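Working notes for the structure below.
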Amino acid sequence: MAKWFETHLPKIVLAPSFIAILIFVYGFIAWTAWVSLTRSRLLPRYEIEGFIQYDRLFASPRWDTAMNNLYIFGALFIGVSMILGLILAILLDQQIRVEGAIRTIYLYPMALSMIVTGTAWKWILNPGLGLEAMVKGWGYENFTFDWLVNPDMAIYTVVLAAIWQSSGFVMALFLAGLRSVDTEIIRAAQIDGIPTWRVYVSIIIPSMAPIFLSAFIVLAHLAIKAFDLVIALTGGGPGYATDLPATYMYAMAFSRGDIGQAAASAMIMMLVVFAIVVPYLYSELRARND
Amino acid sequence: MTDVSATPAPAATSERPRGRSFGKIALRWLLYIVLGLFALYYLMPLFVMLTTSLKSLEEIRTGDLLSLPRELTFDAWRTAWSEACTGIQCEGVKPYFWNSVMLAVPAVLISTLLGAMNGYVIAQWRFPGANIIFALMLFGCFIPFQVVLLPMARMLGLMGIAGTIPGLIFVHVIYGLGFTTLFFRNYYVTIPVELVKAAKVDGAGFVRIFFAIFLPLSIPIIVVSVIWQFTQIWNDFLFGVSFSQAGTQPVTVALNNIVNSTTGVKEYNVDMAAAIIAALPTLLVYIVAGKYFIRGLTAGSVKG
Amino acid sequence: MAPILEINNLYKNYGATEVLKDINVSIDKGEFLVLVGPSGCGKSTLLNCIAGLEPISGGTLRIDGHDMTHVSPKDRDIAMVFQSYALYPTMSVAKNITFGMKVRGVDPETQKSKLAEVARQLQIEPFLNRRPGQLSGGQRQRVAMGRALVRDPKLFLFDEPLSNLDAKLRVEMRTEIKTLHHKLGASMVYVTHDQIEAMTLATKIVVMKGGIIQQIGSPSEIYNRPANLFVADFMGSPAMNLIPAKTQTGSGGTMIEIQRPDLEPIRLTDPRARGLPEDIILGLRPEDISEPGFRVGELVQEAPCKVEIVEPAGADTYVQTRLGGKPLTARLHSETEAAPGTVHNLAFDLAKVSYFEPESGKRIN
Amino acid sequence: MAPILEINNLYKNYGATEVLKDINVSIDKGEFLVLVGPSGCGKSTLLNCIAGLEPISGGTLRIDGHDMTHVSPKDRDIAMVFQSYALYPTMSVAKNITFGMKVRGVDPETQKSKLAEVARQLQIEPFLNRRPGQLSGGQRQRVAMGRALVRDPKLFLFDEPLSNLDAKLRVEMRTEIKTLHHKLGASMVYVTHDQIEAMTLATKIVVMKGGIIQQIGSPSEIYNRPANLFVADFMGSPAMNLIPAKTQTGSGGTMIEIQRPDLEPIRLTDPRARGLPEDIILGLRPEDISEPGFRVGELVQEAPCKVEIVEPAGADTYVQTRLGGKPLTARLHSETEAAPGTVHNLAFDLAKVSYFEPESGKRIN
Amino acid sequence: EPQAEVLHWWTSGGEAKAVGVLQEEFAENGGSWTDMPVAGGGGDAAMTALRARVLSGNAPTAVQLKGPAIQEWYEEGVLADISSVADAEGWADILPASIAGHMKCEDTWCAAPVNVHRVDWIWANADVLESNGIEMPTTWDEFNAAAEKLQEAGVIPLAHGGQAWQDATVFETVVLGLGGPEFFQKALVDLDPEALTSDTMKASFDQMRTLRGYVDDNFSGRDWNLATAMVMNGEAAFQIMGDWAKGEFLAAGKVPGEDFLCASTPGDGYLYNVDSFAMFNVDGDDKKAGQDLLAKLIVGPNFQKVFNMNKGSIPVRTDVALDEFDMCAQKSSEDMTAASDSGALLPSYAHGMALRGAQAGAITDVVTAHFNSDMSSDEAVQMLADAVANSM
Ligand SMILES: Nc1ncnc2c1ncn2[C@@H]1O[C@H](COP(=O)(O)OP(=O)(O)OP(=O)(O)O)[C@@H](O)[C@H]1O
Ligand SMILES: Nc1ncnc2c1ncn2[C@@H]1O[C@H](COP(=O)(O)OP(=O)(O)OP(=O)(O)O)[C@@H](O)[C@H]1O
Ligand SMILES: [Mg+2]
Ligand SMILES: [Mg+2]
């Protein structure tokens, strides 16, 4: 018995988490799938009505906008945050004197609630109040920076603020990765005459592939769930130009009492995630297995 | 040649020229300039928030939002901390702090520890199917919290912990697990397998190896995990508002109550001050935990 | 009494690569088994299999009579020194060493005294409080040794434990290990590349090549009666001279004729060569070819040889000549007058000769 | 021409620990410097300083005439083999080796041919596509070598590059390195614990101890004329016998008298001993003490000794006796009849003797 | 001892003080009050919390709810009946009929009204109007003319915040002004498809497009109070916003009638936004007693007066003396009585009084999309009809 316990200990340790995830994630996804097939409004109901909620969803121009925004936002946000986070981590890794202070400065946006930071960003980006006004005040009358109020560009301001908020964390993640690389190997590369940038590109970064996976998942999660950011910064506007699936879903579920619709949108969101994450995951986990 | 007698150490290192080649110095400067520019980008909103929090409401209404305050006033800070109304009580965010601490500290610790153990199992004690379990846990990170709310409320009701702090801790632990597991697993796969081998031979079992060998090695990733979880939990609003009741509401709900008035007068200075105050514990965590981004924990462990 | 370690028909693959093939070894309590073989032949893998750190792909493995297939490493009661050290990077040297005892619940007093003893033996007292990252290569290796030596297991496994030590220290450590072996009657499996280590420590040597065992025997068996060309060539430094030759059975008994490019063939006589096939390979160690007069014996025979290379090596001088199309090395006294290009008389001690079959490489005498 | 490497008054501390003290070495282009010394004496640290991987705490270091204090490792144009291998874990063996060339923009053809050549020399062709994690210890070490050998730097630094190889392979590798040295006229700094390696490869040997250089000289100088007791004891295996003795200048020249417990003192004569202090330490290598008749020379003197231990070691047999309160090792032929407990005549070749001053340990002849 | 846990989103400043009055009264009557404030998104966050609470079987005693949401919750079977209090207090007599209608679930009373906000206000900077010689407009044409004039004078005619609900607020006043109360009822309350695609609706969108021209370029995402500040500063002349905007003026020390002017938006009718508390099913006599007491106090004259003076709105009871209220409030009250009599007392769609959330949301989507793009009115009308159909 004790022996059985011992050999299965790793599995036993993993089991509670796994079971919890099965119930509280996959059980709930199943629940959501069920609800998405009903006419639930204020509270969930369970009589299946077919795919009406999906029909409604696809008929909604606002959902189209939200999905398009998700692609733009997701790609830019993940891409830029990764690159920026990595660059900052590498720069910080150069034995900087004030590393602690700089690291905290880069990280702190994570600490601030977006409910309020959004307001600050709104002011900064508002052409009449913020940067544009300031630069104009310096005498550059032709300077314009009106993304916030331009329906075609507003989504990029969301990207800007999202990067501001999250890239610091990505940096921290990469920094931890960099610090786990064996120094001897870096030394060997230096001796090999490899320029520093190349050491990073060809030796350190490849050995951090798993950390990239972490960063990617975190960022993808933030992208797909970006919510208070949008609410605080643009409120989805101008119009609903900066709506994202998460805000759409929230609006449906809680402002509008349309839970069936929200469930349908959640299912589509998860399908999108599935389509993007699974191939990456597959290749990443495979590569590690050899 | 065979002089073994100790020669006095050279008169310190001062004789060595401190200066380096011009290119190096320039590069170093460039590095600091780039870092500084990014610091500006990151600090800009904080600057706006800070200056606003130090202005009077009068000045905000009439003045330039980005300008420095004409005269400093700390009223907003005091108000935010202990006087602002968050409902019929007007005691600022102070009373809610404790709730958040009670909630965040255990939730962070539990989820980090569980994540570390899960990551350890998946990375170093591979068994068939471990990768699939990992993938399933990862995918769990993506479940939108909005869809979780209602069934979770029902579950918490059934479990009898609805509206309590343990209930909130439970929720945060569950939905933090995917991330902490991810962080640790991905950190642990880069640690040489020889260490586990050596420890096994030394007679250490699963648990022992984890606590004695892996945990001390994981300091940077613990920092990352703690930063992430603490931020997520401390700043969480949705779960906090849904699964709490009067008396167990976290500080974000208070902050939200101060900030979000639809039909009342907006006091931006208090809002900003409250937001900064609410963020202080997180900042503290960053500063304290940040110290442990140490290089070279694995140094000297194995050859090749 | 059951052998302390018994391996039957053991196979081990990494994916498609067969690393160990049909390994059969057994050692009794108190035996000192040394594993030798070229780099990559599977020595470390075999140790890993014995320790239970790698699952075996076939065969059985028993320790102290018990089947170990499903026993986890920590329950096998073995101590191991890893080729790659595998020190715990965050622990001090002292903690690295005592960790195993602590895990096993040894009382702190004993831990302390064991640590002190081992630290003294290994000469690592000055840096007991350092982390592995702050040690030199040899110091790390000694810490790795220390981790094993404080234990009192059924079986010690050593994977090249002295490779990074200087000669002097190595001799001392060798002595410590030998003492340990005698004192505790401990059973050991030991991988080394150092032939002297192998010769002086082993009660039994296993020679491996490409995952296959070539010969098992006592040090002198291995050295004096190598089972095949590979073992003959592998053991001993400089290696045994392996010279293609022909037997000619005539009136005066069996003659062995060795061709050479510049001089006429050498003819040696060995009564024991009777009945050998015509084509043979004759094996003779450099130290069995010496200057005339320094060697006496029934089968010592002289022949003039053209010296090609002279290589002084401290205590001795090695000279090379060419026989049977192959270079032949002889060990001469360091005051020898042999000079490159000169012809010098060499004495061949045929009492020590080994004969091999050219095709199969097997020993035939 | 400036020396390729010139180190003056170099100091190196790790915090409060002084690891290198007042190092002065210089080597010319094409020289082969071998660093030897006990484990932890600072050899790797010195290489690291030369490579620029560790900042030096004092002194100057010039490569090819240029001050290197502020030059980063990658600009020093050196190649190095690390004691801990330090292979790039994510790259295949082939990429590990070619990566440096690729970065330096060597054209793919050359890369390929270089890789092929080195892989052949190092016998690592079969696993060019594996990752380091899938290699055995010796294979990893050879890959680490390969990474250096494809380069054509100003200076090669080798840190125990052959320690994990079997004897045969080590000899082959040694030859490859020697060839490389000759062919390219490359300059090398080489750390090894293997005395034969040191002797056969070096043009100059540096013996270190505790961060201080003990002697610099050619292999034969170091071997035959050790500068102090430490060097005498350290170099050569088994070590030089160091026997406390007394000089007595009488009528028949200077006599050297060595006490022993069981028999009467040995008295040897050496004309060169005249003028030595009374208390001396006499150094004689085991191979210079042999069986009578095998050794001829002016200063060969015989004395009966009581054999205590007999240790056969393949080619030779070592016997131990006790002289001047210390064990003394003699190397006899492997067919010797010496047996423990018997008294046996030993021949001492005083032509090879070294005298040391007991207090300072310095050589005095 | 009566118990009440009250979920509401009146959290800041004046609002919180106003609720505080209720709590004091409640305590004076021996009750114990547990406060559960959740602000944000005009009550969205509170609704989120409410749902979770209800599902976990732990509903609060009283919840700030309004409009059709009350009936929606009733349909889910979770509301309590407070008819006994309502009958005893004679609510039917003292409340305007249309407002009373919101408080009833089928035949029983299930919610207690707190206040009436008027939504269709237009606020103006007195100095700016005076210096440009402009009167408060009474029709949209007048408004447009005034706006043109102001624009020429370099003043922003309309201060507006580009948030969906603000767009919707303006839109509903335009619909009311151009179509009149009946049309408003048909289009935005009954969602009559004909009305939705009618020419009047097109005209309303046209007017929205015109208004878009009077708004400065940086209006996107602006909070309503910043828009109010623009009027205060004289940067802009008008703002269309509910009477909570008055609070900002007053907080800045401005005097109604002197510094700033209030008037109903052009046209007839009165759009109300009534806050109310719905009572949820709870277990325990103390909680039930709390519900009853709470309901009684909420509609009681004292609370109605004190609360609304603090909040800027007017009492729901028609029998409260308004002497101490400011002139805007008095005007509001007069208008309400008049409108109630003429059947022009209408629920505000933009503030969730007229429609279910899904439908109101669908309309707002179209309104804001139109206002923030160059969509034609024809397209907008079509989209509106589609969206409304899709939201059913
Ligand atoms: N980071 C460090 N901090 C403190 N001491 C150190 C550090 N690294 C090395 N040392 C010490 O410096 C001394 C020299 O180390 P070094 O690695 O140069 O020895 P070595 O001659 O290469 O020995 P070996 O033959 O065992 O490899 C050793 O005593 C070692 O303990
Ligand atoms: N993970 C692996 N996957 C594939 N092949 C492997 C793996 N590990 C080791 N090998 C191969 O197995 C063979 C045996 O390796 P092993 O480490 O046992 O050699 P060894 O005898 O210890 O050699 P050395 O003396 O060089 O340490 C080697 O050829 C090696 O390349
Ligand atoms: Mg090995
Ligand atoms: Mg070293």
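Every chain in the structure tokens takes a letter, A first, then B, and so on in the order presented; its residues are numbered from 1, and the ligands are numbered from 1 following the presented order.
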
Give the residue list for ligand 1 at 10 Å, counting only C-alpha atoms and all ligand atoms, as a VMD selection string, sorted by chain and then by residue number. (chain B and resid 299 to 300) or (chain C and resid 124 126 to 127 130 to 142 163 to 166) or (chain D and resid 12 to 20 35 to 49 54 83 to 84 159 to 160 191 to 193 208 to 211)

List every residue of chain B that has an atom at most 6 Å from any atom of chain A, and for each one report the closest atom pair and its distance in Å to one decimal, counting only C-alpha atoms, with rows sorted by chain and then by increasing residue number, as a Markdown table.
```
| residue | atom | partner | partner_atom | distance |
| --- | --- | --- | --- | --- |
| B:Pro45 | CA | A:Ala120 | CA | 5.7 |
| B:Asn118 | CA | A:Leu14 | CA | 5.6 |
| B:Val121 | CA | A:Pro10 | CA | 5.7 |
| B:Gly140 | CA | A:Val25 | CA | 5.8 |
| B:Phe142 | CA | A:His221 | CA | 5.6 |
| B:Phe183 | CA | A:Ser214 | CA | 6.0 |
| B:Asn186 | CA | A:Pro210 | CA | 4.9 |
| B:Pro220 | CA | A:Ala176 | CA | 5.0 |
| B:Ile221 | CA | A:Ala176 | CA | 5.9 |
| B:Thr231 | CA | A:Ala111 | CA | 6.0 |
| B:Ala279 | CA | A:Leu112 | CA | 5.4 |
| B:Thr282 | CA | A:Ala111 | CA | 5.5 |
| B:Arg295 | CA | A:Arg179 | CA | 4.6 |
```

Just the selected residues (N, CA and C atoms), exported as a CSV table (one decimal), in the first residue's frame, please.
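Okay, out.csv is ready:
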```
chain,number,residue,atom,x,y,z
B,45,PRO,N,1.8,57.6,-17.4
B,45,PRO,CA,0.5,57.6,-16.8
B,45,PRO,C,0.6,57.8,-15.3
B,118,ASN,N,2.9,20.9,-9.3
B,118,ASN,CA,2.4,20.4,-10.6
B,118,ASN,C,3.4,20.5,-11.6
B,121,VAL,N,6.0,17.9,-11.1
B,121,VAL,CA,5.6,16.6,-11.6
B,121,VAL,C,5.7,16.5,-13.1
B,140,GLY,N,-7.1,25.6,-19.9
B,140,GLY,CA,-8.0,26.1,-18.8
B,140,GLY,C,-7.7,27.6,-18.5
B,142,PHE,N,-7.6,29.9,-20.5
B,142,PHE,CA,-8.3,30.7,-21.4
B,142,PHE,C,-9.8,30.8,-21.2
B,183,PHE,N,4.1,28.3,-15.4
B,183,PHE,CA,5.4,29.0,-15.1
B,183,PHE,C,6.4,27.9,-14.6
B,186,ASN,N,7.6,25.1,-17.1
B,186,ASN,CA,8.5,25.6,-18.1
B,186,ASN,C,9.8,26.0,-17.6
B,220,PRO,N,13.8,32.7,-9.0
B,220,PRO,CA,13.3,33.6,-9.9
B,220,PRO,C,11.9,33.3,-10.4
B,221,ILE,N,11.6,32.1,-10.6
B,221,ILE,CA,10.2,31.8,-11.1
B,221,ILE,C,9.2,31.9,-10.0
B,231,THR,N,-0.7,40.1,-8.3
B,231,THR,CA,-1.3,41.2,-9.1
B,231,THR,C,-2.7,40.8,-9.6
B,279,ALA,N,-2.7,50.3,-5.1
B,279,ALA,CA,-1.6,49.5,-5.8
B,279,ALA,C,-0.4,49.4,-4.9
B,282,THR,N,0.9,45.9,-4.0
B,282,THR,CA,1.5,45.2,-5.2
B,282,THR,C,2.9,45.7,-5.5
B,295,ARG,N,21.1,35.8,-10.5
B,295,ARG,CA,21.6,35.0,-11.6
B,295,ARG,C,22.4,33.8,-11.1
```

Interface list for chain C, partner chain B, 8 Å threshold, only C-alpha atoms, as a count of residues only: 28

Within 10 Å of chain E: residues of chain B, using only C-alpha atoms, as a ChimeraX atom specification: /B:57-58,60-63,84-90,146,149-163,237-249,253-267

Give me, as JSON, numbers by chain, all polymer residues having an atom no more than 10 Å from Leu149 of chain C, counting only C-alpha atoms and skipping those fewer than 2 positions away in the same chain. {"C": [79, 80, 81, 97, 114, 115, 117, 118, 119, 121, 122, 143, 144, 145, 146, 147, 151, 152, 153, 156, 176, 177, 180]}

Saved selection, atoms kept: N, CA and C atoms, as a PDB file, in the first residue's frame:
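So result15.pdb came out as:
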```
ATOM      1  N   ALA C  79      24.832   3.914  -3.463  1.00  0.00           N
ATOM      2  CA  ALA C  79      25.381   5.269  -3.492  1.00  0.00           C
ATOM      3  C   ALA C  79      26.052   5.417  -4.832  1.00  0.00           C
ATOM      4  N   MET C  80      25.998   6.622  -5.381  1.00  0.00           N
ATOM      5  CA  MET C  80      26.527   6.773  -6.740  1.00  0.00           C
ATOM      6  C   MET C  80      27.259   8.097  -6.874  1.00  0.00           C
ATOM      7  N   VAL C  81      28.373   8.044  -7.589  1.00  0.00           N
ATOM      8  CA  VAL C  81      29.075   9.274  -7.948  1.00  0.00           C
ATOM      9  C   VAL C  81      28.859   9.462  -9.440  1.00  0.00           C
ATOM     10  N   ILE C  97      26.856  17.002   1.052  1.00  0.00           N
ATOM     11  CA  ILE C  97      27.354  15.715   1.513  1.00  0.00           C
ATOM     12  C   ILE C  97      26.422  15.083   2.533  1.00  0.00           C
ATOM     13  N   LYS C 114      30.687  11.890  10.395  1.00  0.00           N
ATOM     14  CA  LYS C 114      30.923  11.329   9.057  1.00  0.00           C
ATOM     15  C   LYS C 114      31.421  12.419   8.115  1.00  0.00           C
ATOM     16  N   LEU C 115      30.751  13.555   8.191  1.00  0.00           N
ATOM     17  CA  LEU C 115      31.144  14.660   7.324  1.00  0.00           C
ATOM     18  C   LEU C 115      32.593  15.030   7.567  1.00  0.00           C
ATOM     19  N   GLU C 117      34.919  13.235   8.762  1.00  0.00           N
ATOM     20  CA  GLU C 117      35.834  12.191   8.322  1.00  0.00           C
ATOM     21  C   GLU C 117      36.032  12.240   6.810  1.00  0.00           C
ATOM     22  N   VAL C 118      34.899  12.314   6.110  1.00  0.00           N
ATOM     23  CA  VAL C 118      34.981  12.324   4.655  1.00  0.00           C
ATOM     24  C   VAL C 118      35.694  13.581   4.155  1.00  0.00           C
ATOM     25  N   ALA C 119      35.394  14.692   4.789  1.00  0.00           N
ATOM     26  CA  ALA C 119      36.031  15.942   4.367  1.00  0.00           C
ATOM     27  C   ALA C 119      37.545  15.834   4.519  1.00  0.00           C
ATOM     28  N   GLN C 121      39.303  12.951   4.487  1.00  0.00           N
ATOM     29  CA  GLN C 121      39.796  12.022   3.456  1.00  0.00           C
ATOM     30  C   GLN C 121      39.906  12.714   2.103  1.00  0.00           C
ATOM     31  N   LEU C 122      38.939  13.519   1.790  1.00  0.00           N
ATOM     32  CA  LEU C 122      38.887  14.109   0.450  1.00  0.00           C
ATOM     33  C   LEU C 122      39.590  15.459   0.394  1.00  0.00           C
ATOM     34  N   VAL C 143      33.594  16.611  -3.960  1.00  0.00           N
ATOM     35  CA  VAL C 143      32.329  16.735  -3.225  1.00  0.00           C
ATOM     36  C   VAL C 143      31.379  15.630  -3.679  1.00  0.00           C
ATOM     37  N   ALA C 144      31.358  15.398  -4.971  1.00  0.00           N
ATOM     38  CA  ALA C 144      30.492  14.348  -5.497  1.00  0.00           C
ATOM     39  C   ALA C 144      30.866  13.001  -4.886  1.00  0.00           C
ATOM     40  N   MET C 145      32.170  12.785  -4.727  1.00  0.00           N
ATOM     41  CA  MET C 145      32.634  11.567  -4.072  1.00  0.00           C
ATOM     42  C   MET C 145      32.150  11.521  -2.646  1.00  0.00           C
ATOM     43  N   GLY C 146      32.300  12.660  -1.977  1.00  0.00           N
ATOM     44  CA  GLY C 146      31.940  12.737  -0.568  1.00  0.00           C
ATOM     45  C   GLY C 146      30.506  12.330  -0.329  1.00  0.00           C
ATOM     46  N   ARG C 147      29.646  12.734  -1.262  1.00  0.00           N
ATOM     47  CA  ARG C 147      28.241  12.428  -1.113  1.00  0.00           C
ATOM     48  C   ARG C 147      28.018  10.924  -1.045  1.00  0.00           C
ATOM     49  N   ARG C 151      27.913   7.439   2.915  1.00  0.00           N
ATOM     50  CA  ARG C 151      26.841   6.463   3.032  1.00  0.00           C
ATOM     51  C   ARG C 151      27.421   5.072   3.300  1.00  0.00           C
ATOM     52  N   ASP C 152      26.548   4.168   3.655  1.00  0.00           N
ATOM     53  CA  ASP C 152      26.989   2.805   3.896  1.00  0.00           C
ATOM     54  C   ASP C 152      26.010   1.886   3.167  1.00  0.00           C
ATOM     55  N   PRO C 153      26.034   1.939   1.853  1.00  0.00           N
ATOM     56  CA  PRO C 153      25.000   1.275   1.061  1.00  0.00           C
ATOM     57  C   PRO C 153      25.382  -0.162   0.733  1.00  0.00           C
ATOM     58  N   PHE C 156      28.196   0.487  -4.039  1.00  0.00           N
ATOM     59  CA  PHE C 156      28.666   1.797  -4.485  1.00  0.00           C
ATOM     60  C   PHE C 156      28.778   1.796  -5.999  1.00  0.00           C
ATOM     61  N   GLU C 176      42.200   5.758  -0.562  1.00  0.00           N
ATOM     62  CA  GLU C 176      41.036   5.879   0.316  1.00  0.00           C
ATOM     63  C   GLU C 176      39.942   4.904  -0.110  1.00  0.00           C
ATOM     64  N   ILE C 177      39.728   4.854  -1.400  1.00  0.00           N
ATOM     65  CA  ILE C 177      38.679   3.963  -1.887  1.00  0.00           C
ATOM     66  C   ILE C 177      39.030   2.517  -1.575  1.00  0.00           C
ATOM     67  N   LEU C 180      38.489   1.896   2.040  1.00  0.00           N
ATOM     68  CA  LEU C 180      37.053   1.794   2.264  1.00  0.00           C
ATOM     69  C   LEU C 180      36.558   0.416   1.882  1.00  0.00           C
TER      70      LEU C 180
END
```

Would you please give, as a PDB file with C-alpha atoms, in the first residue's frame, all residues of segment 151-237 of chain E that DSSP assigns to helix (DSSP H, G or I) based on the backbone?
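Final file, part-v1.pdb:
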```pdb
ATOM      1  CA  GLN E 151     -19.902  77.891 -33.806  1.00  0.00           C
ATOM      2  CA  GLU E 152     -19.188  81.054 -35.726  1.00  0.00           C
ATOM      3  CA  ALA E 164     -22.637  54.967 -25.867  1.00  0.00           C
ATOM      4  CA  TRP E 165     -25.022  55.852 -23.070  1.00  0.00           C
ATOM      5  CA  GLN E 166     -24.475  59.569 -23.608  1.00  0.00           C
ATOM      6  CA  ASP E 167     -25.151  59.155 -27.301  1.00  0.00           C
ATOM      7  CA  ALA E 168     -28.310  57.276 -26.399  1.00  0.00           C
ATOM      8  CA  THR E 169     -29.362  59.996 -23.977  1.00  0.00           C
ATOM      9  CA  VAL E 170     -29.103  62.650 -26.637  1.00  0.00           C
ATOM     10  CA  PHE E 171     -30.798  60.403 -29.134  1.00  0.00           C
ATOM     11  CA  GLU E 172     -33.848  59.799 -27.013  1.00  0.00           C
ATOM     12  CA  THR E 173     -34.324  63.481 -26.356  1.00  0.00           C
ATOM     13  CA  VAL E 174     -34.118  64.090 -30.078  1.00  0.00           C
ATOM     14  CA  VAL E 175     -36.679  61.383 -30.766  1.00  0.00           C
ATOM     15  CA  LEU E 176     -38.937  62.811 -28.117  1.00  0.00           C
ATOM     16  CA  GLY E 177     -38.484  66.318 -29.417  1.00  0.00           C
ATOM     17  CA  LEU E 178     -39.024  65.524 -33.080  1.00  0.00           C
ATOM     18  CA  GLY E 179     -41.599  62.769 -32.793  1.00  0.00           C
ATOM     19  CA  GLY E 180     -43.482  63.773 -29.725  1.00  0.00           C
ATOM     20  CA  PRO E 181     -44.539  61.585 -26.805  1.00  0.00           C
ATOM     21  CA  GLU E 182     -46.706  59.239 -28.807  1.00  0.00           C
ATOM     22  CA  PHE E 183     -44.074  58.511 -31.349  1.00  0.00           C
ATOM     23  CA  PHE E 184     -41.564  58.008 -28.598  1.00  0.00           C
ATOM     24  CA  GLN E 185     -43.859  55.516 -26.938  1.00  0.00           C
ATOM     25  CA  LYS E 186     -44.337  53.607 -30.165  1.00  0.00           C
ATOM     26  CA  ALA E 187     -40.767  53.616 -31.280  1.00  0.00           C
ATOM     27  CA  LEU E 188     -38.685  53.284 -28.159  1.00  0.00           C
ATOM     28  CA  VAL E 189     -41.064  51.646 -25.749  1.00  0.00           C
ATOM     29  CA  PRO E 193     -41.215  48.259 -36.467  1.00  0.00           C
ATOM     30  CA  GLU E 194     -43.085  50.819 -38.528  1.00  0.00           C
ATOM     31  CA  ALA E 195     -42.183  53.578 -36.162  1.00  0.00           C
ATOM     32  CA  LEU E 196     -38.599  52.427 -36.123  1.00  0.00           C
ATOM     33  CA  ASP E 199     -39.452  59.167 -41.615  1.00  0.00           C
ATOM     34  CA  THR E 200     -39.584  60.678 -38.158  1.00  0.00           C
ATOM     35  CA  MET E 201     -36.955  58.225 -37.066  1.00  0.00           C
ATOM     36  CA  LYS E 202     -34.878  59.147 -40.101  1.00  0.00           C
ATOM     37  CA  ALA E 203     -35.287  62.773 -39.199  1.00  0.00           C
ATOM     38  CA  SER E 204     -34.077  61.967 -35.718  1.00  0.00           C
ATOM     39  CA  PHE E 205     -30.936  60.393 -37.127  1.00  0.00           C
ATOM     40  CA  ASP E 206     -30.510  63.394 -39.389  1.00  0.00           C
ATOM     41  CA  GLN E 207     -30.680  65.611 -36.356  1.00  0.00           C
ATOM     42  CA  MET E 208     -28.111  63.387 -34.653  1.00  0.00           C
ATOM     43  CA  ARG E 209     -25.851  63.873 -37.640  1.00  0.00           C
ATOM     44  CA  THR E 210     -26.362  67.595 -37.368  1.00  0.00           C
ATOM     45  CA  LEU E 211     -25.568  67.507 -33.666  1.00  0.00           C
ATOM     46  CA  ARG E 212     -22.421  65.591 -34.468  1.00  0.00           C
ATOM     47  CA  GLY E 213     -21.319  68.710 -36.305  1.00  0.00           C
ATOM     48  CA  TYR E 214     -21.747  70.783 -33.142  1.00  0.00           C
ATOM     49  CA  TRP E 224     -20.086  63.336 -18.912  1.00  0.00           C
ATOM     50  CA  ASN E 225     -18.769  65.449 -16.083  1.00  0.00           C
ATOM     51  CA  LEU E 226     -15.877  66.667 -18.186  1.00  0.00           C
ATOM     52  CA  ALA E 227     -18.455  67.744 -20.709  1.00  0.00           C
ATOM     53  CA  THR E 228     -20.261  69.533 -17.909  1.00  0.00           C
ATOM     54  CA  ALA E 229     -17.001  71.197 -16.955  1.00  0.00           C
ATOM     55  CA  MET E 230     -16.724  72.494 -20.525  1.00  0.00           C
ATOM     56  CA  VAL E 231     -20.056  74.208 -20.110  1.00  0.00           C
ATOM     57  CA  MET E 232     -19.011  75.582 -16.768  1.00  0.00           C
ATOM     58  CA  ASN E 233     -15.793  76.963 -18.219  1.00  0.00           C
TER      59      ASN E 233
END
```

Test item: residues at most 8 Å from Ala289 of chain E, only C-alpha atoms, excluding those fewer than 5 positions along its chain, as a list of chain:residue names: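 What passes the distance filter is E:Glu1, E:Pro2, E:Gln3.
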